>>> print(open('query_33.txt').read())   # compact mmCIF, C-alpha atoms
# COMPACT_ATOMS: atom_id res chain seq x y z
CA MET A 238 21.98 22.53 2.00
CA PHE A 239 21.19 18.96 3.14
CA SER A 240 17.85 18.01 1.69
CA VAL A 241 15.20 15.63 3.00
CA LEU A 242 12.44 14.46 0.67
CA VAL A 243 8.91 13.45 1.62
CA VAL A 244 6.60 12.04 -1.07
CA SER A 245 3.05 11.63 0.15
CA ARG A 246 -0.59 12.54 -0.02
CA LEU A 247 -1.03 15.34 2.49
CA THR A 248 -3.34 13.88 5.10
CA ARG A 249 -3.00 13.59 8.88
CA LEU A 250 -2.31 9.90 8.68
CA LYS A 251 0.81 10.54 6.62
CA ASN A 252 2.20 12.53 9.54
CA ILE A 253 4.07 15.18 7.54
CA GLU A 254 3.75 17.33 10.62
CA SER A 255 6.50 15.30 12.36
CA ALA A 256 8.79 15.79 9.37
CA ILE A 257 8.26 19.57 9.47
CA LYS A 258 8.83 19.71 13.23
CA ALA A 259 11.96 17.52 13.03
CA VAL A 260 13.49 19.64 10.29
CA SER A 261 12.74 22.84 12.21
CA LEU A 262 15.04 21.51 14.96
CA LEU A 263 17.97 21.21 12.58
CA PRO A 264 19.93 24.05 10.99
CA ASP A 265 21.03 23.75 7.33
CA VAL A 266 18.45 21.12 6.51
CA LYS A 267 15.66 21.69 4.03
CA LEU A 268 12.52 19.64 3.57
CA ILE A 269 10.95 19.10 0.17
CA ILE A 270 7.37 17.87 0.24
CA VAL A 271 5.86 16.33 -2.90
CA GLY A 272 2.13 15.69 -3.01
CA GLU A 273 -1.24 17.27 -2.48
CA GLY A 274 -4.01 16.74 -0.01
CA PRO A 275 -6.54 18.27 2.35
CA ASP A 276 -3.97 18.81 5.11
CA ARG A 277 -1.85 21.19 3.03
CA PRO A 278 -3.10 24.52 4.51
CA ARG A 279 -2.47 23.32 8.06
CA LEU A 280 0.97 21.99 7.17
CA GLN A 281 1.88 25.23 5.40
CA SER A 282 0.99 27.16 8.54
CA LEU A 283 3.45 24.99 10.51
CA ALA A 284 6.28 25.24 7.99
CA ASN A 285 9.23 27.62 8.04
CA ALA A 286 11.22 28.98 5.10
CA ARG A 287 13.25 25.77 4.77
CA VAL A 288 10.18 23.75 3.86
CA GLU A 289 9.16 23.66 0.23
CA PHE A 290 5.80 22.37 -0.98
CA LYS A 291 6.07 21.09 -4.54
CA GLY A 292 2.48 19.90 -4.98
CA LYS A 293 1.79 17.26 -7.60
CA VAL A 294 4.78 16.69 -9.91
CA SER A 295 5.33 14.67 -13.06
CA ASP A 296 7.06 11.27 -12.86
CA LYS A 297 10.11 12.79 -14.55
CA GLU A 298 10.34 15.59 -12.01
CA LEU A 299 9.78 13.16 -9.15
CA ASP A 300 12.66 11.06 -10.43
CA LYS A 301 14.88 14.17 -10.44
CA LEU A 302 13.84 15.04 -6.89
CA TYR A 303 14.60 11.53 -5.68
CA LYS A 304 18.02 11.66 -7.29
CA SER A 305 18.89 15.11 -5.95
CA CYS A 306 17.84 14.62 -2.33
CA ASP A 307 20.09 13.27 0.42
CA VAL A 308 17.57 11.30 2.43
CA VAL A 309 13.96 10.16 1.95
CA LEU A 310 11.71 10.39 4.99
CA PHE A 311 8.60 8.20 5.37
CA PRO A 312 6.96 9.22 8.67
CA VAL A 313 3.48 7.62 8.33
CA LEU A 314 1.37 6.81 11.37
CA ALA A 315 -0.19 3.75 9.75
CA GLU A 316 0.45 2.22 6.34
CA PRO A 317 -0.01 -1.41 5.34
CA PHE A 318 2.95 -1.20 3.00
CA GLY A 319 4.24 2.01 1.37
CA LEU A 320 5.88 2.18 -2.04
CA VAL A 321 7.87 5.38 -1.46
CA PRO A 322 10.73 3.68 0.43
CA ILE A 323 10.99 1.14 -2.39
CA GLU A 324 11.22 3.96 -4.94
CA ALA A 325 13.95 5.55 -2.80
CA MET A 326 15.86 2.28 -2.48
CA LYS A 327 15.73 1.80 -6.22
CA ARG A 328 17.50 5.14 -6.59
CA GLY A 329 20.08 4.32 -3.95
CA LYS A 330 18.80 6.76 -1.33
CA PRO A 331 18.83 6.04 2.40
CA ILE A 332 15.45 6.06 4.13
CA ILE A 333 14.20 7.14 7.50
CA CYS A 334 11.15 4.95 7.80
CA SER A 335 8.28 4.84 10.29
CA ARG A 336 8.05 1.60 12.26
CA GLU A 337 4.28 1.75 11.65
CA ALA A 338 4.69 1.06 7.92
CA GLY A 339 4.58 -2.47 6.54
CA VAL A 340 7.53 -1.63 4.30
CA ALA A 341 9.72 -1.14 7.39
CA GLU A 342 10.34 -4.89 7.36
CA ILE A 343 11.98 -4.54 3.92
CA VAL A 344 14.00 -1.46 4.93
CA GLU A 345 15.21 -3.35 7.99
CA LYS A 346 15.99 -6.54 6.12
CA ALA A 347 17.82 -4.65 3.40
CA ASN A 348 19.65 -2.51 5.96
CA ALA A 349 18.69 0.45 3.78
CA GLY A 350 17.77 2.99 6.39
CA ILE A 351 16.85 3.90 9.92
CA ILE A 352 13.55 2.86 11.52
CA VAL A 353 11.94 5.44 13.80
CA ASN A 354 8.92 6.01 15.97
CA PRO A 355 6.87 8.44 13.81
CA LEU A 356 5.63 10.37 16.83
CA ASP A 357 9.08 10.90 18.31
CA ILE A 358 10.22 14.19 16.72
CA LYS A 359 13.61 14.07 18.42
CA GLN A 360 14.30 10.55 17.16
CA ILE A 361 13.48 11.64 13.59
CA ALA A 362 15.67 14.74 13.95
CA ASP A 363 18.53 12.62 15.37
CA ALA A 364 18.25 10.19 12.46
CA ILE A 365 18.42 13.07 9.94
CA LEU A 366 21.39 14.56 11.78
CA LEU A 367 23.19 11.20 11.88
CA LEU A 368 22.82 10.76 8.14
CA LYS A 369 23.77 14.37 7.51
CA GLU A 370 26.99 13.99 9.44
CA LYS A 371 27.92 10.60 8.02
CA PRO A 372 27.99 10.64 4.21
CA ALA A 373 29.68 7.21 4.18
CA MET A 374 26.77 5.77 6.10
CA ARG A 375 24.32 7.36 3.67
CA LYS A 376 26.14 5.78 0.78
CA LYS A 377 26.31 2.39 2.48
CA LEU A 378 22.58 2.35 3.28
CA GLY A 379 21.69 3.63 -0.19
CA ASN A 380 23.78 0.95 -1.92
CA ALA A 381 22.37 -1.78 0.31
CA GLY A 382 18.83 -0.70 -0.59
CA ARG A 383 19.58 -0.57 -4.29
CA ARG A 384 21.11 -4.07 -4.19
CA PHE A 385 18.14 -5.48 -2.26
CA VAL A 386 15.47 -4.02 -4.53
CA LYS A 387 17.20 -5.25 -7.68
CA GLY A 388 15.27 -8.30 -8.77
CA LEU A 389 12.77 -7.99 -5.92
CA GLU A 390 9.86 -7.29 -8.25
CA THR A 391 10.52 -10.43 -10.27
CA LYS A 392 10.86 -12.44 -7.07
CA CYS A 393 7.49 -11.17 -5.77
CA LEU A 394 5.86 -11.83 -9.13
CA VAL A 395 7.17 -15.40 -9.29
CA GLU A 396 5.95 -16.05 -5.74
CA PHE A 397 2.54 -14.66 -6.66
CA GLU A 398 2.34 -16.76 -9.81
CA HIS A 399 3.28 -19.83 -7.78
CA ALA A 400 0.51 -19.09 -5.25
CA LEU A 401 -2.06 -18.70 -8.05
CA LYS A 402 -0.95 -21.93 -9.74
CA GLU A 403 -1.06 -23.82 -6.47
CA THR A 404 -4.60 -22.57 -5.81
CA VAL A 405 -5.80 -23.59 -9.25
CA ARG A 406 -4.12 -26.99 -8.99
CA GLU A 407 -5.78 -27.83 -5.72
CA GLN A 408 -9.18 -26.54 -6.91
CA LYS A 409 -10.92 -27.37 -3.72
CA PHE A 410 -13.01 -25.29 -1.39
CA ILE A 411 -12.72 -25.43 2.35
CA MET B 295 -3.81 -19.23 -16.70
CA ARG B 296 -6.91 -17.07 -17.14
CA ILE B 297 -6.88 -14.68 -14.20
CA ILE B 298 -9.61 -12.17 -13.35
CA MET B 299 -8.67 -9.51 -10.84
CA ILE B 300 -11.56 -7.94 -8.95
CA HIS B 301 -10.70 -4.57 -7.52
CA GLY B 302 -13.70 -2.96 -5.90
CA GLN B 303 -12.47 0.57 -5.70
CA PHE B 304 -10.39 2.33 -8.31
CA LEU B 305 -10.67 5.89 -7.12
CA GLU B 306 -7.16 7.19 -7.43
CA MET B 307 -3.69 6.00 -8.33
CA GLY B 308 -2.60 5.07 -4.82
CA GLY B 309 -0.17 2.33 -3.85
CA ALA B 310 -2.77 -0.45 -4.06
CA GLU B 311 -3.76 0.53 -7.59
CA ARG B 312 -0.19 0.97 -8.79
CA SER B 313 0.94 -2.36 -7.44
CA LEU B 314 -2.18 -4.09 -8.78
CA LEU B 315 -1.46 -2.75 -12.27
CA ALA B 316 2.19 -3.78 -11.95
CA LEU B 317 1.08 -7.26 -10.90
CA ALA B 318 -1.38 -7.48 -13.83
CA ASP B 319 1.32 -6.37 -16.28
CA GLY B 320 3.86 -8.72 -14.79
CA LEU B 321 1.51 -11.70 -15.04
CA LYS B 322 0.61 -10.75 -18.61
CA ASN B 323 4.29 -10.60 -19.51
CA ARG B 324 4.66 -14.10 -18.13
CA GLY B 325 2.06 -15.35 -20.58
CA HIS B 326 -1.13 -15.28 -18.51
CA GLU B 327 -4.46 -13.90 -19.66
CA VAL B 328 -5.35 -11.15 -17.18
CA SER B 329 -8.32 -8.81 -16.91
CA ILE B 330 -9.29 -6.34 -14.18
CA GLN B 331 -12.92 -5.91 -13.14
CA THR B 332 -13.81 -2.81 -11.20
CA GLU B 333 -16.93 -0.78 -10.61
CA PHE B 334 -15.39 2.56 -9.84
CA THR B 335 -13.20 3.87 -12.58
CA GLN B 336 -12.52 7.47 -11.83
CA PRO B 337 -8.83 7.75 -11.13
CA TYR B 338 -7.59 10.85 -9.32
CA THR B 339 -11.02 11.83 -7.95
CA ARG B 340 -13.05 10.67 -5.03
CA LYS B 341 -16.33 11.78 -6.56
CA ASP B 342 -19.03 9.41 -7.53
CA SER B 343 -17.72 6.71 -5.21
CA LEU B 344 -20.92 5.73 -3.46
CA LEU B 345 -21.91 2.11 -3.77
CA THR B 346 -25.59 2.40 -4.61
CA PRO B 347 -27.86 -0.66 -4.79
CA PHE B 348 -27.99 -0.17 -8.56
CA ARG B 349 -24.21 -0.25 -8.85
CA PHE B 350 -24.00 -3.26 -6.58
CA PHE B 351 -26.57 -5.06 -8.71
CA ARG B 352 -24.68 -4.08 -11.86
CA LEU B 353 -21.44 -5.43 -10.45
CA VAL B 354 -23.04 -8.68 -9.32
CA ASN B 355 -24.58 -9.04 -12.74
CA ARG B 356 -21.24 -8.46 -14.33
CA LEU B 357 -19.51 -11.00 -12.09
CA LEU B 358 -22.19 -13.58 -12.96
CA LYS B 359 -21.66 -13.01 -16.67
CA LEU B 360 -17.87 -13.02 -16.65
CA PRO B 361 -16.31 -15.56 -18.99
CA ASP B 362 -14.85 -18.73 -17.49
CA SER B 363 -11.52 -18.28 -15.81
CA ASP B 364 -9.10 -20.39 -13.80
CA VAL B 365 -8.91 -18.13 -10.78
CA TRP B 366 -10.32 -14.91 -9.35
CA LEU B 367 -7.95 -12.63 -7.55
CA LEU B 368 -9.76 -10.42 -5.07
CA SER B 369 -7.96 -7.26 -4.20
CA ILE B 370 -8.91 -6.18 -0.70
CA HIS B 371 -8.11 -2.73 0.57
CA GLY B 372 -9.32 -0.14 2.94
CA ALA B 373 -12.83 1.16 2.53
CA PHE B 374 -16.26 0.18 3.67
CA ILE B 375 -17.47 -0.02 0.13
CA SER B 376 -14.97 -2.73 -0.71
CA CYS B 377 -16.68 -5.19 1.59
CA PRO B 378 -19.97 -5.84 -0.27
CA ILE B 379 -18.05 -6.25 -3.52
CA VAL B 380 -15.72 -8.79 -1.95
CA TRP B 381 -18.67 -10.56 -0.32
CA ALA B 382 -20.51 -10.74 -3.64
CA ALA B 383 -17.40 -11.95 -5.46
CA LEU B 384 -16.74 -14.69 -2.89
CA PHE B 385 -20.37 -15.85 -3.11
CA ILE B 386 -20.48 -15.83 -6.92
CA ALA B 387 -17.09 -17.55 -7.20
CA ARG B 388 -18.43 -20.30 -4.97
CA LEU B 389 -21.56 -20.58 -7.14
CA ARG B 390 -19.45 -20.78 -10.26
CA LYS B 391 -16.87 -23.09 -8.66
CA ILE B 392 -14.01 -20.75 -9.38
CA PRO B 393 -11.14 -20.81 -6.89
CA THR B 394 -10.36 -17.46 -5.31
CA VAL B 395 -7.22 -15.87 -4.01
CA ALA B 396 -7.62 -12.87 -1.70
CA TYR B 397 -4.83 -10.35 -1.76
CA VAL B 398 -5.13 -8.27 1.36
CA TYR B 399 -3.51 -4.94 0.70
CA GLU B 400 -4.90 -3.51 3.87
CA GLU B 401 -7.61 -4.53 6.25
CA ALA B 402 -10.99 -4.11 4.57
CA ILE B 403 -12.09 -1.67 7.23
CA ARG B 404 -9.42 0.80 8.03
CA ILE B 405 -9.21 1.65 11.70
CA ASP B 406 -6.29 3.72 12.78
CA LYS B 407 -5.15 6.15 15.45
CA PHE B 408 -7.40 8.87 14.06
CA THR B 409 -10.58 6.85 13.98
CA PRO B 410 -12.97 8.16 16.66
CA THR B 411 -14.07 5.63 19.28
CA VAL B 412 -17.73 5.94 18.24
CA LEU B 413 -16.83 5.03 14.69
CA LYS B 414 -14.69 2.14 15.94
CA LEU B 415 -17.71 0.80 17.83
CA LEU B 416 -19.93 1.27 14.81
CA CYS B 417 -17.41 -0.70 12.75
CA MET B 418 -17.57 -3.72 15.03
CA PRO B 419 -20.70 -5.31 13.51
CA LEU B 420 -19.30 -4.75 10.03
CA ILE B 421 -16.03 -6.42 11.00
CA ALA B 422 -18.01 -9.32 12.47
CA ILE B 423 -20.04 -9.73 9.25
CA ASP B 424 -16.90 -9.47 7.14
CA SER B 425 -15.14 -12.03 9.28
CA LEU B 426 -18.11 -14.42 9.15
CA ILE B 427 -18.45 -14.16 5.36
CA PHE B 428 -14.74 -14.77 4.99
CA LYS B 429 -15.09 -17.90 7.10
CA ILE B 430 -18.10 -19.24 5.18
CA PHE B 431 -16.83 -18.49 1.67
CA ARG B 432 -13.18 -18.70 2.58
CA PRO B 433 -10.84 -18.01 -0.32
CA LYS B 434 -8.50 -20.92 -1.03
CA THR B 435 -5.46 -18.72 -0.50
CA VAL B 436 -5.20 -15.51 1.49
CA ILE B 437 -2.11 -13.45 0.78
CA ALA B 438 -1.10 -10.41 2.81
CA ILE B 439 1.27 -7.77 1.51
CA SER B 440 3.31 -7.45 4.68
CA ALA B 441 3.78 -9.03 8.07
CA LEU B 442 2.14 -5.94 9.58
CA THR B 443 -1.01 -6.41 7.49
CA ALA B 444 -1.01 -10.14 8.23
CA ARG B 445 -0.90 -9.49 11.97
CA THR B 446 -3.71 -6.90 11.78
CA VAL B 447 -5.96 -9.13 9.70
CA GLU B 448 -5.33 -12.24 11.80
CA ASN B 449 -6.00 -10.38 15.04
CA ARG B 450 -9.00 -8.39 13.88
CA TYR B 451 -10.74 -10.81 11.53
CA HIS B 452 -9.38 -14.14 12.77
CA VAL B 453 -8.60 -15.03 9.18
CA LYS B 454 -5.55 -17.24 8.65
CA ILE B 455 -3.07 -15.72 6.24
CA SER B 456 -1.59 -18.36 3.90
CA LYS B 457 1.35 -16.34 2.63
CA ILE B 458 3.00 -12.96 2.82
CA ILE B 459 4.07 -11.64 -0.57
CA TRP B 460 5.36 -8.11 -0.91
CA PRO B 461 3.52 -6.13 -3.59
CA CYS B 462 4.75 -5.75 -7.14
CA PHE B 463 5.89 -2.29 -8.09
CA ARG B 464 7.23 -0.30 -10.98
CA CYS B 465 9.60 2.48 -10.04
>>> encode(input="query_33.txt", output="structure tokens")
Amino acid sequence: MFSVLVVSRLTRLKNIESAIKAVSLLPDVKLIIVGEGPDRPRLQSLANARVEFKGKVSDKELDKLYKSCDVVLFPVLAEPFGLVPIEAMKRGKPIICSREAGVAEIVEKANAGIIVNPLDIKQIADAILLLKEKPAMRKKLGNAGRRFVKGLETKCLVEFEHALKETVREQKFI
Amino acid sequence: MRIIMIHGQFLEMGGAERSLLALADGLKNRGHEVSIQTEFTQPYTRKDSLLTPFRFFRLVNRLLKLPDSDVWLLSIHGAFISCPIVWAALFIARLRKIPTVAYVYEEAIRIDKFTPTVLKLLCMPLIAIDSLIFKIFRPKTVIAISALTARTVENRYHVKISKIIWPCFRC
């Protein structure tokens, strides 16, 4: 069965509810949810048999789950950045990413996934369906993400180091 | 360079904490001397997170006694309790003539779609104070982690973002 992975703390802001509702619209799609949080009982009451709650998992198990899923979904309502899509890109997985996440700009730039409105259940379901039906597209997006992320950390670090050095060199207060 | 990172809130291993540690490790690996100063050190729990006057005093005291360094990196992320720590750090850095870099992970006061209107109104004076303190003791460089964060901070706090640098990560 086609599997969609969500990795998140289970709170309302993370909008797992939309993921559950989107998957319930699609046959032969299962949703794996990794993470714990206060919203878990409510989410469990919304979920059908194709939704699996994994709770907190070890890094090793998380790595396995990333590798075995088909798509990673990041449906947050508000997030300044979001490391999950980066982790997915590193493993060559396509992402369906909320437009309300700061990381969406990377996903878009890398052409590593599909950007959606997190409150539009149909749009999320359509994106999952599109990726389910087009394995070549999944592969293309996954590879693009993997290529983009390679070396990104070093690039960010060098930029940061440069900013720190510049600040120290100028040594003046406004 | 001798870099001191000041991270007000270390309550759980969220994205801000993970990327901060990755940044600290990365800078260390590039030959810098890095230390992290934090008042709350209870990862994975949200207990014992109240900023009491005693804790605030203890943190201020600690910041005053820190050894000389080339730059202070202030990690700013979403919680009310971060604000007084950032305010104190900006003030003490100015006293000690240490340049500061603010790394805005998320706006210091998190207001989102789920925040009730009453709370939003109550936040307004705090945002105004935050904004004013940022203007008076302005860090030399203000870095935002994404264009989205930069837009929010510029609109809400009227603080000019110097650079956007995506966070470091370890996957």
>>> atom_distance(input="query_33.txt", atom1="atom CA of Glu316 of chain A", atom2="atom CA of Ile437 of chain B")
16.8 Å
>>> closest_residue(input="query_33.txt", among="B:Thr411, B:Ser369, B:Thr443, B:Ser329", to="chain A", atoms="all atoms listed in the file")
B:Thr443
>>> atom_distance(input="query_33.txt", atom1="atom CA of Ile330 of chain B", atom2="atom CA of Val354 of chain B")
14.8 Å
>>> closest_atom_pairs(input="query_33.txt", of="chain B", to="chain A", cutoff="7 Å", atoms="all atoms listed in the file", output="JSON lines")
{"residue": "B:Gly309", "atom": "CA", "partner": "A:Leu320", "partner_atom": "CA", "distance": 6.3}
{"residue": "B:Leu317", "atom": "CA", "partner": "A:Leu394", "partner_atom": "CA", "distance": 6.8}
{"residue": "B:Gly320", "atom": "CA", "partner": "A:Leu394", "partner_atom": "CA", "distance": 6.8}
{"residue": "B:Asp364", "atom": "CA", "partner": "A:Val405", "partner_atom": "CA", "distance": 6.5}
{"residue": "B:Val365", "atom": "CA", "partner": "A:Val405", "partner_atom": "CA", "distance": 6.5}
{"residue": "B:Pro393", "atom": "CA", "partner": "A:Gln408", "partner_atom": "CA", "distance": 6.1}
{"residue": "B:Tyr399", "atom": "CA", "partner": "A:Pro317", "partner_atom": "CA", "distance": 6.8}
{"residue": "B:Glu400", "atom": "CA", "partner": "A:Pro317", "partner_atom": "CA", "distance": 5.5}
{"residue": "B:Asp406", "atom": "CA", "partner": "A:Ala315", "partner_atom": "CA", "distance": 6.8}
{"residue": "B:Arg432", "atom": "CA", "partner": "A:Ile411", "partner_atom": "CA", "distance": 6.7}
{"residue": "B:Lys434", "atom": "CA", "partner": "A:Phe410", "partner_atom": "CA", "distance": 6.3}
{"residue": "B:Thr435", "atom": "CA", "partner": "A:Thr404", "partner_atom": "CA", "distance": 6.6}
{"residue": "B:Ile439", "atom": "CA", "partner": "A:Phe318", "partner_atom": "CA", "distance": 6.9}
{"residue": "B:Ser440", "atom": "CA", "partner": "A:Gly339", "partner_atom": "CA", "distance": 5.5}
{"residue": "B:Ala441", "atom": "CA", "partner": "A:Gly339", "partner_atom": "CA", "distance": 6.8}
{"residue": "B:Leu442", "atom": "CA", "partner": "A:Gly339", "partner_atom": "CA", "distance": 5.2}
{"residue": "B:Thr443", "atom": "CA", "partner": "A:Pro317", "partner_atom": "CA", "distance": 5.5}
{"residue": "B:Ile459", "atom": "CA", "partner": "A:Cys393", "partner_atom": "CA", "distance": 6.2}
{"residue": "B:Trp460", "atom": "CA", "partner": "A:Cys393", "partner_atom": "CA", "distance": 6.1}
{"residue": "B:Pro461", "atom": "CA", "partner": "A:Cys393", "partner_atom": "CA", "distance": 6.8}
{"residue": "B:Cys462", "atom": "CA", "partner": "A:Glu390", "partner_atom": "CA", "distance": 5.5}
{"residue": "B:Phe463", "atom": "CA", "partner": "A:Glu390", "partner_atom": "CA", "distance": 6.4}
{"residue": "B:Cys465", "atom": "CA", "partner": "A:Glu324", "partner_atom": "CA", "distance": 5.6}
>>> residues_around(input="query_33.txt", residues="segment 282-289 of chain A", least_positions_apart="5", cutoff="9 Å", atoms="only C-alpha atoms", output="list in words")
Glu254, Ile257, Lys258, Val260, Ser261, Asp265, Val266, Lys267, Leu268, Ile269, Ile270, Val271 and Arg277 of chain A
